[in-house]
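So this block is model_36.cif, mmCIF, C-alpha atoms and all ligand atoms:
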data_target
#
loop_
_atom_site.label_atom_id
_atom_site.label_comp_id
_atom_site.auth_asym_id
_atom_site.auth_seq_id
_atom_site.Cartn_x
_atom_site.Cartn_y
_atom_site.Cartn_z
CA MET E 1 0.00 0.00 0.00
CA LYS E 2 0.93 3.65 -0.31
CA ALA E 3 1.04 5.63 2.91
CA MET E 4 2.04 9.03 4.27
CA VAL E 5 4.00 8.20 7.40
CA LEU E 6 5.01 10.34 10.38
CA GLU E 7 8.52 9.31 11.36
CA GLU E 8 9.75 12.49 13.10
CA TYR E 9 7.52 15.15 14.65
CA GLY E 10 7.75 18.57 13.06
CA PRO E 11 5.81 21.62 11.88
CA ALA E 12 3.41 20.91 9.02
CA GLU E 13 5.27 23.34 6.76
CA SER E 14 8.46 21.27 7.03
CA GLY E 15 6.82 18.27 5.34
CA PRO E 16 7.00 15.83 8.26
CA LEU E 17 4.99 13.08 6.49
CA LYS E 18 7.02 10.87 4.16
CA ARG E 19 5.68 8.85 1.21
CA ARG E 20 6.26 5.18 1.85
CA GLU E 21 5.36 1.87 0.23
CA ARG E 22 4.40 -0.74 2.81
CA PRO E 23 2.93 -4.23 2.75
CA ASP E 24 -0.85 -4.20 3.14
CA PRO E 25 -1.80 -4.57 6.82
CA ARG E 26 -3.31 -7.90 7.89
CA PRO E 27 -6.51 -7.66 9.93
CA GLY E 28 -6.22 -9.31 13.36
CA PRO E 29 -9.09 -11.08 15.15
CA GLY E 30 -12.24 -8.95 15.06
CA GLU E 31 -10.68 -6.50 12.63
CA ALA E 32 -11.53 -5.53 9.08
CA ARG E 33 -9.15 -4.23 6.44
CA VAL E 34 -10.49 -1.33 4.41
CA ALA E 35 -9.36 -0.27 0.95
CA VAL E 36 -9.38 3.45 1.69
CA LYS E 37 -10.87 5.76 -0.96
CA ALA E 38 -10.63 9.08 0.87
CA CYS E 39 -9.54 10.42 4.24
CA GLY E 40 -10.36 13.76 5.79
CA VAL E 41 -7.66 15.92 7.36
CA CYS E 42 -8.40 17.05 10.90
CA ARG E 43 -6.84 19.60 13.23
CA THR E 44 -6.11 16.73 15.61
CA ASP E 45 -3.80 15.26 12.95
CA LEU E 46 -1.86 18.53 13.14
CA HIS E 47 -1.69 18.27 16.93
CA VAL E 48 -0.34 14.71 16.60
CA ILE E 49 2.20 15.63 13.93
CA GLU E 50 3.40 18.78 15.68
CA LYS E 51 3.53 17.00 19.07
CA ASP E 52 0.94 19.19 20.82
CA LEU E 53 -0.47 15.87 22.08
CA PRO E 54 1.67 13.50 24.14
CA PRO E 55 3.71 11.27 21.82
CA ALA E 56 2.11 7.87 21.16
CA LYS E 57 2.87 5.38 18.35
CA ARG E 58 5.70 6.30 16.00
CA PRO E 59 6.19 5.86 13.16
CA VAL E 60 2.47 6.28 12.64
CA ILE E 61 0.14 6.82 9.71
CA PRO E 62 -2.20 9.68 10.73
CA GLY E 63 -5.81 10.08 9.65
CA HIS E 64 -9.10 9.24 11.33
CA GLN E 65 -11.81 10.19 8.84
CA ALA E 66 -11.35 7.39 6.33
CA VAL E 67 -13.98 5.95 4.02
CA GLY E 68 -13.48 2.81 1.98
CA VAL E 69 -14.57 -0.72 1.25
CA VAL E 70 -13.94 -3.80 3.40
CA ASP E 71 -11.58 -6.10 1.48
CA ALA E 72 -10.44 -8.55 4.17
CA LEU E 73 -11.85 -9.76 7.48
CA GLY E 74 -9.93 -11.16 10.43
CA GLU E 75 -10.93 -14.18 12.45
CA GLY E 76 -14.24 -13.96 14.30
CA CYS E 77 -15.75 -10.98 12.46
CA THR E 78 -19.55 -11.15 12.43
CA ARG E 79 -20.72 -7.61 11.83
CA LEU E 80 -19.07 -6.45 8.62
CA LYS E 81 -19.17 -8.05 5.18
CA LEU E 82 -16.64 -8.04 2.36
CA GLY E 83 -17.43 -5.26 -0.10
CA GLN E 84 -19.29 -3.18 2.47
CA ARG E 85 -18.56 0.55 2.60
CA VAL E 86 -17.47 1.75 6.04
CA GLY E 87 -15.90 4.68 7.82
CA ILE E 88 -12.99 4.66 10.25
CA ALA E 89 -13.04 7.34 12.94
CA TRP E 90 -10.89 8.50 15.89
CA LEU E 91 -12.22 6.16 18.59
CA ARG E 92 -11.05 2.57 17.97
CA HIS E 93 -11.09 0.87 21.37
CA THR E 94 -12.82 1.14 24.74
CA CYS E 95 -12.79 -1.44 27.54
CA GLY E 96 -16.57 -1.92 27.82
CA GLN E 97 -16.19 -2.64 31.54
CA CYS E 98 -15.17 0.48 33.43
CA ARG E 99 -17.65 2.76 35.24
CA PHE E 100 -17.65 5.18 32.29
CA CYS E 101 -18.31 2.52 29.66
CA GLY E 102 -21.02 1.08 31.95
CA ARG E 103 -22.80 4.47 32.09
CA GLY E 104 -22.84 5.06 28.34
CA ARG E 105 -19.86 7.43 28.53
CA GLU E 106 -17.27 5.38 26.70
CA ASN E 107 -15.82 8.68 25.45
CA LEU E 108 -14.30 8.93 28.96
CA CYS E 109 -13.02 5.34 29.15
CA GLU E 110 -9.45 5.25 30.39
CA SER E 111 -8.44 2.40 28.09
CA GLN E 112 -9.32 4.25 24.90
CA ARG E 113 -7.22 3.97 21.80
CA PHE E 114 -7.40 6.30 18.85
CA THR E 115 -6.88 5.89 15.13
CA GLY E 116 -3.90 7.67 13.60
CA TYR E 117 -2.39 8.09 17.06
CA HIS E 118 -2.19 4.76 18.90
CA ALA E 119 -2.67 2.80 15.67
CA ASP E 120 -2.16 3.50 11.98
CA GLY E 121 -4.89 5.51 10.30
CA GLY E 122 -6.25 6.51 6.94
CA TYR E 123 -3.53 8.53 5.18
CA ALA E 124 -2.94 5.35 3.19
CA THR E 125 -4.56 3.16 0.56
CA ALA E 126 -5.36 0.52 3.20
CA ALA E 127 -6.16 0.58 6.92
CA VAL E 128 -7.34 -1.82 9.56
CA VAL E 129 -10.19 -1.17 12.03
CA PRO E 130 -11.82 -3.21 14.81
CA GLU E 131 -15.19 -4.03 13.24
CA GLU E 132 -17.10 -2.87 16.33
CA PHE E 133 -15.68 0.60 15.81
CA ALA E 134 -16.39 0.93 12.08
CA TYR E 135 -19.40 2.94 10.89
CA GLU E 136 -21.73 2.04 8.08
CA ILE E 137 -21.86 4.96 5.64
CA PRO E 138 -25.36 5.99 4.48
CA ASP E 139 -25.94 5.90 0.70
CA ALA E 140 -26.76 9.61 0.76
CA PHE E 141 -23.03 10.36 0.81
CA GLY E 142 -20.23 9.80 -1.68
CA ASP E 143 -16.86 8.62 -0.34
CA VAL E 144 -15.29 12.08 -0.26
CA ASP E 145 -18.40 13.78 1.13
CA ALA E 146 -18.71 11.24 3.95
CA THR E 147 -15.21 11.81 5.34
CA PRO E 148 -15.83 15.11 7.17
CA LEU E 149 -18.72 13.52 9.03
CA LEU E 150 -16.45 10.98 10.70
CA CYS E 151 -14.65 13.42 12.96
CA ALA E 152 -15.59 16.99 12.21
CA GLY E 153 -19.22 15.87 12.04
CA ILE E 154 -19.20 13.57 15.06
CA ILE E 155 -17.31 16.03 17.27
CA GLY E 156 -19.54 18.85 16.07
CA TYR E 157 -22.58 16.73 16.90
CA ARG E 158 -21.29 15.93 20.38
CA ALA E 159 -20.33 19.57 20.96
CA LEU E 160 -23.84 20.59 19.89
CA LYS E 161 -25.30 18.11 22.39
CA ARG E 162 -22.97 19.44 25.10
CA SER E 163 -23.97 23.03 24.29
CA GLU E 164 -27.57 22.16 25.25
CA LEU E 165 -29.01 24.26 22.45
CA PRO E 166 -32.78 24.55 22.94
CA ASP E 167 -34.96 23.99 19.85
CA GLY E 168 -35.43 27.33 18.14
CA GLY E 169 -32.67 28.87 20.27
CA ARG E 170 -29.65 30.99 19.41
CA LEU E 171 -26.27 29.38 18.89
CA ALA E 172 -22.88 31.08 18.55
CA LEU E 173 -20.02 29.32 16.77
CA TYR E 174 -16.45 30.50 17.35
CA GLY E 175 -14.31 29.33 14.46
CA PHE E 176 -15.82 28.13 11.20
CA GLY E 177 -13.85 25.10 10.09
CA SER E 178 -15.10 21.65 9.24
CA SER E 179 -17.00 20.89 12.46
CA ALA E 180 -18.75 24.25 12.47
CA HIS E 181 -19.93 23.90 8.90
CA VAL E 182 -21.64 20.62 9.80
CA VAL E 183 -23.07 22.05 13.05
CA ILE E 184 -24.60 25.08 11.32
CA GLN E 185 -26.59 22.72 9.07
CA LEU E 186 -27.81 20.65 12.03
CA ALA E 187 -28.77 23.77 14.01
CA LEU E 188 -30.57 25.50 11.12
CA HIS E 189 -32.48 22.30 10.44
CA ARG E 190 -33.63 22.37 14.08
CA GLY E 191 -35.01 25.89 13.61
CA CYS E 192 -32.20 27.70 15.45
CA GLN E 193 -30.43 30.98 14.61
CA VAL E 194 -26.68 30.77 14.26
CA TYR E 195 -24.14 33.54 14.96
CA VAL E 196 -20.61 33.00 13.68
CA VAL E 197 -17.41 34.62 14.89
CA THR E 198 -14.36 33.82 12.79
CA ARG E 199 -11.17 35.31 11.43
CA GLY E 200 -10.65 34.92 7.73
CA GLU E 201 -12.91 36.50 5.14
CA SER E 202 -13.39 33.22 3.22
CA HIS E 203 -14.78 31.53 6.37
CA ARG E 204 -17.10 34.47 6.96
CA GLN E 205 -18.36 34.31 3.38
CA LEU E 206 -19.03 30.59 3.69
CA ALA E 207 -20.92 31.14 6.97
CA ARG E 208 -23.08 33.82 5.34
CA ARG E 209 -23.80 31.61 2.34
CA MET E 210 -24.76 28.77 4.66
CA GLY E 211 -27.41 30.86 6.41
CA ALA E 212 -25.84 32.39 9.53
CA ALA E 213 -28.04 35.11 11.06
CA TRP E 214 -24.94 37.21 11.75
CA VAL E 215 -21.24 36.85 10.97
CA GLY E 216 -18.38 38.87 12.45
CA GLU E 217 -14.79 38.96 13.57
CA ARG E 218 -15.24 39.61 17.29
CA ALA E 219 -17.62 38.28 19.94
CA GLU E 220 -17.93 41.81 21.31
CA ASP E 221 -19.69 42.90 18.10
CA MET E 222 -22.37 40.20 18.24
CA PRO E 223 -25.74 41.97 18.38
CA VAL E 224 -27.48 39.54 20.78
CA ARG E 225 -26.84 37.14 23.64
CA VAL E 226 -27.09 33.46 22.79
CA ASP E 227 -28.45 30.39 24.60
CA SER E 228 -25.55 28.20 23.60
CA ALA E 229 -22.11 28.56 22.11
CA ILE E 230 -19.43 26.26 20.80
CA LEU E 231 -15.77 27.26 20.79
CA PHE E 232 -14.00 25.41 18.00
CA ALA E 233 -10.96 27.68 17.82
CA PRO E 234 -8.26 26.31 20.18
CA VAL E 235 -7.81 29.74 21.74
CA GLY E 236 -8.34 30.14 25.49
CA GLU E 237 -8.55 33.94 25.24
CA LEU E 238 -11.88 33.53 23.47
CA VAL E 239 -13.49 31.87 26.50
CA PRO E 240 -14.25 35.06 28.51
CA PRO E 241 -15.83 37.00 25.60
CA ALA E 242 -17.81 33.90 24.61
CA LEU E 243 -19.14 33.54 28.18
CA GLU E 244 -20.01 37.22 28.27
CA LYS E 245 -22.22 36.76 25.21
CA LEU E 246 -24.21 33.92 26.82
CA GLU E 247 -27.71 34.41 28.15
CA LYS E 248 -28.25 33.61 31.83
CA GLY E 249 -28.26 29.84 32.18
CA GLY E 250 -26.52 29.45 28.84
CA THR E 251 -23.85 26.91 28.02
CA LEU E 252 -20.48 27.23 26.33
CA ALA E 253 -19.09 23.97 24.91
CA LEU E 254 -15.33 23.78 24.36
CA ALA E 255 -14.88 21.47 21.40
CA GLY E 256 -11.11 21.29 21.07
CA ILE E 257 -8.85 18.45 22.16
CA TYR E 258 -6.24 21.12 22.83
CA MET E 259 -6.54 24.75 23.89
CA THR E 260 -4.18 27.54 24.87
CA PRO E 261 -4.55 28.65 28.54
CA ILE E 262 -7.81 30.30 29.59
CA PRO E 263 -7.18 33.73 31.18
CA GLN E 264 -8.29 34.53 34.73
CA MET E 265 -11.93 35.56 34.81
CA ASP E 266 -14.06 37.79 36.98
CA TYR E 267 -16.73 35.52 38.45
CA GLU E 268 -19.73 37.86 38.31
CA ARG E 269 -19.01 39.14 34.83
CA TYR E 270 -18.28 35.85 33.11
CA VAL E 271 -19.58 32.87 35.09
CA PHE E 272 -22.35 33.75 37.57
CA TYR E 273 -26.05 33.50 36.53
CA GLU E 274 -25.64 29.78 35.96
CA ARG E 275 -23.57 30.04 32.85
CA ASN E 276 -22.01 26.64 32.17
CA ILE E 277 -18.76 25.59 30.60
CA HIS E 278 -18.79 22.07 29.18
CA SER E 279 -15.71 20.52 27.68
CA VAL E 280 -16.14 17.94 24.94
CA THR E 281 -14.03 14.79 25.02
CA ALA E 282 -13.98 12.55 21.98
CA ASN E 283 -17.31 10.80 21.37
CA THR E 284 -19.23 7.63 21.86
CA ARG E 285 -20.11 5.26 19.04
CA ALA E 286 -23.74 6.20 19.62
CA ASP E 287 -22.86 9.84 18.83
CA GLY E 288 -21.35 8.68 15.55
CA ARG E 289 -24.36 6.61 14.55
CA GLU E 290 -26.83 9.36 15.53
CA LEU E 291 -24.88 11.96 13.56
CA LEU E 292 -24.66 9.83 10.40
CA ALA E 293 -28.41 9.12 10.56
CA GLU E 294 -29.36 12.78 11.15
CA ALA E 295 -26.89 13.94 8.49
CA ALA E 296 -28.46 11.58 5.92
CA ARG E 297 -32.00 12.73 6.79
CA ILE E 298 -31.30 16.47 6.39
CA PRO E 299 -29.15 15.80 4.25
CA ILE E 300 -25.95 17.55 5.31
CA ARG E 301 -23.92 18.85 2.41
CA PRO E 302 -20.25 18.74 3.43
CA HIS E 303 -18.04 21.34 1.83
CA VAL E 304 -14.67 19.83 0.89
CA THR E 305 -11.38 20.72 -0.74
CA THR E 306 -9.57 17.66 -2.13
CA TYR E 307 -5.85 16.89 -2.32
CA PRO E 308 -4.03 13.81 -3.65
CA LEU E 309 -2.72 11.53 -0.86
CA ALA E 310 0.87 12.45 -1.72
CA GLU E 311 0.10 16.10 -0.91
CA ALA E 312 -0.94 15.45 2.69
CA ASN E 313 1.74 17.84 3.97
CA ARG E 314 0.34 20.65 1.85
CA ALA E 315 -3.19 19.91 3.06
CA LEU E 316 -2.01 20.06 6.69
CA ALA E 317 -0.12 23.32 6.15
CA ASP E 318 -3.19 24.82 4.45
CA LEU E 319 -5.38 23.73 7.39
CA LYS E 320 -2.92 25.18 9.89
CA ASN E 321 -2.82 28.50 8.06
CA ASP E 322 -6.59 28.79 7.60
CA ARG E 323 -6.43 28.35 3.84
CA VAL E 324 -8.93 25.47 3.59
CA SER E 325 -12.57 26.11 2.83
CA GLY E 326 -14.64 23.40 4.57
CA THR E 327 -12.73 20.15 5.13
CA ALA E 328 -9.49 19.12 3.43
CA VAL E 329 -9.84 15.58 2.10
CA LEU E 330 -7.07 13.33 0.80
CA VAL E 331 -8.11 11.26 -2.18
CA MET E 332 -6.25 8.01 -2.88
CA GLU E 333 -4.53 7.25 -6.25
ZN ZN D 401 -14.05 1.67 29.67
ZN ZN D 402 -10.48 14.63 14.13
#

How does this structure look as structure tokens?
Ligand SMILES: [Zn+2]
Ligand SMILES: [Zn+2]
Amino acid sequence: MKAMVLEEYGPAESGPLKRRERPDPRPGPGEARVAVKACGVCRTDLHVIEKDLPPAKRPVIPGHQAVGVVDALGEGCTRLKLGQRVGIAWLRHTCGQCRFCGRGRENLCESQRFTGYHADGGYATAAVVPEEFAYEIPDAFGDVDATPLLCAGIIGYRALKRSELPDGGRLALYGFGSSAHVVIQLALHRGCQVYVVTRGESHRQLARRMGAAWVGERAEDMPVRVDSAILFAPVGELVPPALEKLEKGGTLALAGIYMTPIPQMDYERYVFYERNIHSVTANTRADGRELLAEAARIPIRPHVTTYPLAEANRALADLKNDRVSGTAVLVME
């Protein structure tokens, strides 16, 4: 298979992923091998590659929004069939036994393993996934269009849940990358008004085209208070202004896996009146299935920019420097 492999950590601009030919992986017990057609590029991949996250497997093939077709099954597989189209996402193992797994919060399981971090992922023409952690892809989506749903979509969906947006309520989105552009479609479909704060004129234009009630560069300029907000930008300094724009009793969800420090805050001004801060940690498989079903019903129209697999470094540098409209997707061949 062809793969883009991380051997040494480094800034995206330095081309840290190397093109390598490798033998096709063999699926172990309970695992399926997938002939990957397309794989989305996520900000978490950047955090892995640039070592913002604690080092895990290395060398590693990044990528956790892969869509392809099952072409081999390991011993004991019962769920997936050869030829079936599936998606591979970030979460690839939970213990099923701890108090978090037992309460339906496997996103907090302490034995989690993640694709493209603890195990090789989808920046390759083949990848292996435990069948219990693969997602069936609804027919409503092509291979490329389905990829953003697998992380950007799932995390956006969980962040939206965690933001406790009431039906018909007002939602603010800080940052307008791939997750946000899925969330805006979910929220509008639920009859909500969406307010978008983002740097970058191209992101603001996309938000306007997609039906935002208001789009601006600074929270301070937002004309109303909102019931719920989601902070996608990994910037702690945005937390106080985002809290200040919440209605009493409102909720701010912090969607990032990584964030710069949050400044000290005055309690009365930013937190009192039952304003809530909810962090968002990974997702459960149920989140993934719910999102794919809701996305197919609406249907969500992902906005993608494609790159050949070999240009993964360029895609990552473009993502890092805010030059991607929607989701960057690597296409195999
Ligand atoms: Zn567990
Ligand atoms: Zn991701």

- Hey, which residues come within 8 Å of ligand ZN 402 (chain D) if we count all atoms listed in the file? Could you give them as JSON, numbers by chain? {"E": [41, 42, 43, 44, 45, 63, 64, 65, 89, 90, 150, 151, 152, 155]}

Can you write just those residues out, C-alpha atoms, as a CSV table (one decimal), in the coordinates of the input?
chain,number,residue,atom,x,y,z
E,41,VAL,CA,-7.7,15.9,7.4
E,42,CYS,CA,-8.4,17.0,10.9
E,43,ARG,CA,-6.8,19.6,13.2
E,44,THR,CA,-6.1,16.7,15.6
E,45,ASP,CA,-3.8,15.3,13.0
E,63,GLY,CA,-5.8,10.1,9.6
E,64,HIS,CA,-9.1,9.2,11.3
E,65,GLN,CA,-11.8,10.2,8.8
E,89,ALA,CA,-13.0,7.3,12.9
E,90,TRP,CA,-10.9,8.5,15.9
E,150,LEU,CA,-16.4,11.0,10.7
E,151,CYS,CA,-14.6,13.4,13.0
E,152,ALA,CA,-15.6,17.0,12.2
E,155,ILE,CA,-17.3,16.0,17.3

Tell me, counting all atoms listed in the file, for each residue of chain E within 7 Å of ligand ZN 401 (chain D), which pair of atoms is nearest and how far apart they are in Å to one decimal, in rows ordered by chain and increasing number, as JSON lines.
{"residue": "E:Thr94", "atom": "CA", "partner": "D:ZN401", "partner_atom": "ZN", "distance": 5.1}
{"residue": "E:Cys95", "atom": "CA", "partner": "D:ZN401", "partner_atom": "ZN", "distance": 4.0}
{"residue": "E:Gly96", "atom": "CA", "partner": "D:ZN401", "partner_atom": "ZN", "distance": 4.8}
{"residue": "E:Gln97", "atom": "CA", "partner": "D:ZN401", "partner_atom": "ZN", "distance": 5.2}
{"residue": "E:Cys98", "atom": "CA", "partner": "D:ZN401", "partner_atom": "ZN", "distance": 4.1}
{"residue": "E:Arg99", "atom": "CA", "partner": "D:ZN401", "partner_atom": "ZN", "distance": 6.7}
{"residue": "E:Phe100", "atom": "CA", "partner": "D:ZN401", "partner_atom": "ZN", "distance": 5.7}
{"residue": "E:Cys101", "atom": "CA", "partner": "D:ZN401", "partner_atom": "ZN", "distance": 4.3}
{"residue": "E:Glu106", "atom": "CA", "partner": "D:ZN401", "partner_atom": "ZN", "distance": 5.7}
{"residue": "E:Cys109", "atom": "CA", "partner": "D:ZN401", "partner_atom": "ZN", "distance": 3.8}
{"residue": "E:Glu110", "atom": "CA", "partner": "D:ZN401", "partner_atom": "ZN", "distance": 5.9}
{"residue": "E:Ser111", "atom": "CA", "partner": "D:ZN401", "partner_atom": "ZN", "distance": 5.9}

Taking C-alpha atoms for each residue, export the selection above as a PDB file, keeping the file's coordinate frame.
ATOM      1  CA  THR E  94     -12.820   1.140  24.740  1.00  0.00           C
ATOM      2  CA  CYS E  95     -12.790  -1.440  27.540  1.00  0.00           C
ATOM      3  CA  GLY E  96     -16.570  -1.920  27.820  1.00  0.00           C
ATOM      4  CA  GLN E  97     -16.190  -2.640  31.540  1.00  0.00           C
ATOM      5  CA  CYS E  98     -15.170   0.480  33.430  1.00  0.00           C
ATOM      6  CA  ARG E  99     -17.650   2.760  35.240  1.00  0.00           C
ATOM      7  CA  PHE E 100     -17.650   5.180  32.290  1.00  0.00           C
ATOM      8  CA  CYS E 101     -18.310   2.520  29.660  1.00  0.00           C
ATOM      9  CA  GLU E 106     -17.270   5.380  26.700  1.00  0.00           C
ATOM     10  CA  CYS E 109     -13.020   5.340  29.150  1.00  0.00           C
ATOM     11  CA  GLU E 110      -9.450   5.250  30.390  1.00  0.00           C
ATOM     12  CA  SER E 111      -8.440   2.400  28.090  1.00  0.00           C
TER      13      SER E 111
END

- Message: Counting all atoms listed in the file, find residues at most 12 Å from (-10.4, -6.6, 8.4) (file frame) and give them as a ChimeraX atom specification.
- Response: /E:24-35,68-84,86,88,126-134

Segment 300-312 of chain E, all listed atoms, 6 Å padding on each side: what axis-aligned box centre and edge lengths in Å to one decimal come out, as JSON?
{"center_x": -12.5, "center_y": 16.4, "center_z": 0.8, "size_x": 38.8, "size_y": 21.8, "size_z": 21.0}

- Mind checking which residues fall within 8 Å of segment 299-303 of chain E, counting only C-alpha atoms, ignoring those fewer than 6 positions away in the same chain, and posting them as number ranges by chain? E: 140, 145-146, 148-149, 178, 181-182, 185-186, 325-327

- Message: What's the separation between atom CA of Gly15 of chain E and atom CA of Asp120 of chain E, in Å to one decimal place?
- Response: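 Taking atom CA of Gly15 of chain E and atom CA of Asp120 of chain E, their separation equals 18.5 Å.
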
- Query: How many Å lie between atom CA of Cys39 of chain E and atom CA of Ala310 of chain E, rounded to one decimal?
  - Reply: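 The value is 12.2 Å.
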
- Item | 7 Å contact set for Tyr117 of chain E, all atoms listed in the file, chain neighbours under 4 positions out, as a ChimeraX atom specification | /E:48,56-57,60,62

Need to verify the contact set: Ala233 of chain E, 12 Å, all atoms listed in the file, exclusion of same-chain residues closer than 3 positions in sequence. Can you return it as an mmCIF file with C-alpha atoms, keeping the file's coordinate frame?
data_model
loop_
_atom_site.group_PDB
_atom_site.id
_atom_site.type_symbol
_atom_site.label_atom_id
_atom_site.label_comp_id
_atom_site.auth_asym_id
_atom_site.auth_seq_id
_atom_site.Cartn_x
_atom_site.Cartn_y
_atom_site.Cartn_z
ATOM 1 C CA ARG E 43 -6.840 19.600 13.230
ATOM 2 C CA LEU E 173 -20.020 29.320 16.770
ATOM 3 C CA TYR E 174 -16.450 30.500 17.350
ATOM 4 C CA GLY E 175 -14.310 29.330 14.460
ATOM 5 C CA PHE E 176 -15.820 28.130 11.200
ATOM 6 C CA GLY E 177 -13.850 25.100 10.090
ATOM 7 C CA SER E 178 -15.100 21.650 9.240
ATOM 8 C CA SER E 179 -17.000 20.890 12.460
ATOM 9 C CA ALA E 180 -18.750 24.250 12.470
ATOM 10 C CA VAL E 196 -20.610 33.000 13.680
ATOM 11 C CA VAL E 197 -17.410 34.620 14.890
ATOM 12 C CA THR E 198 -14.360 33.820 12.790
ATOM 13 C CA ARG E 199 -11.170 35.310 11.430
ATOM 14 C CA ALA E 229 -22.110 28.560 22.110
ATOM 15 C CA ILE E 230 -19.430 26.260 20.800
ATOM 16 C CA GLY E 236 -8.340 30.140 25.490
ATOM 17 C CA GLU E 237 -8.550 33.940 25.240
ATOM 18 C CA LEU E 238 -11.880 33.530 23.470
ATOM 19 C CA VAL E 239 -13.490 31.870 26.500
ATOM 20 C CA ALA E 242 -17.810 33.900 24.610
ATOM 21 C CA ALA E 253 -19.090 23.970 24.910
ATOM 22 C CA LEU E 254 -15.330 23.780 24.360
ATOM 23 C CA ALA E 255 -14.880 21.470 21.400
ATOM 24 C CA GLY E 256 -11.110 21.290 21.070
ATOM 25 C CA ILE E 257 -8.850 18.450 22.160
ATOM 26 C CA TYR E 258 -6.240 21.120 22.830
ATOM 27 C CA MET E 259 -6.540 24.750 23.890
ATOM 28 C CA THR E 260 -4.180 27.540 24.870
ATOM 29 C CA LYS E 320 -2.920 25.180 9.890
ATOM 30 C CA ASP E 322 -6.590 28.790 7.600
#

- Rank E:Pro240, E:Gly10, E:Gly156, E:Gly87 by their smallest atom-to-atom distance to Glu136 of chain E, using all atoms listed in the file, and report the top residue only.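 Answer, going by the shortest atom-to-atom distance: E:Gly87.
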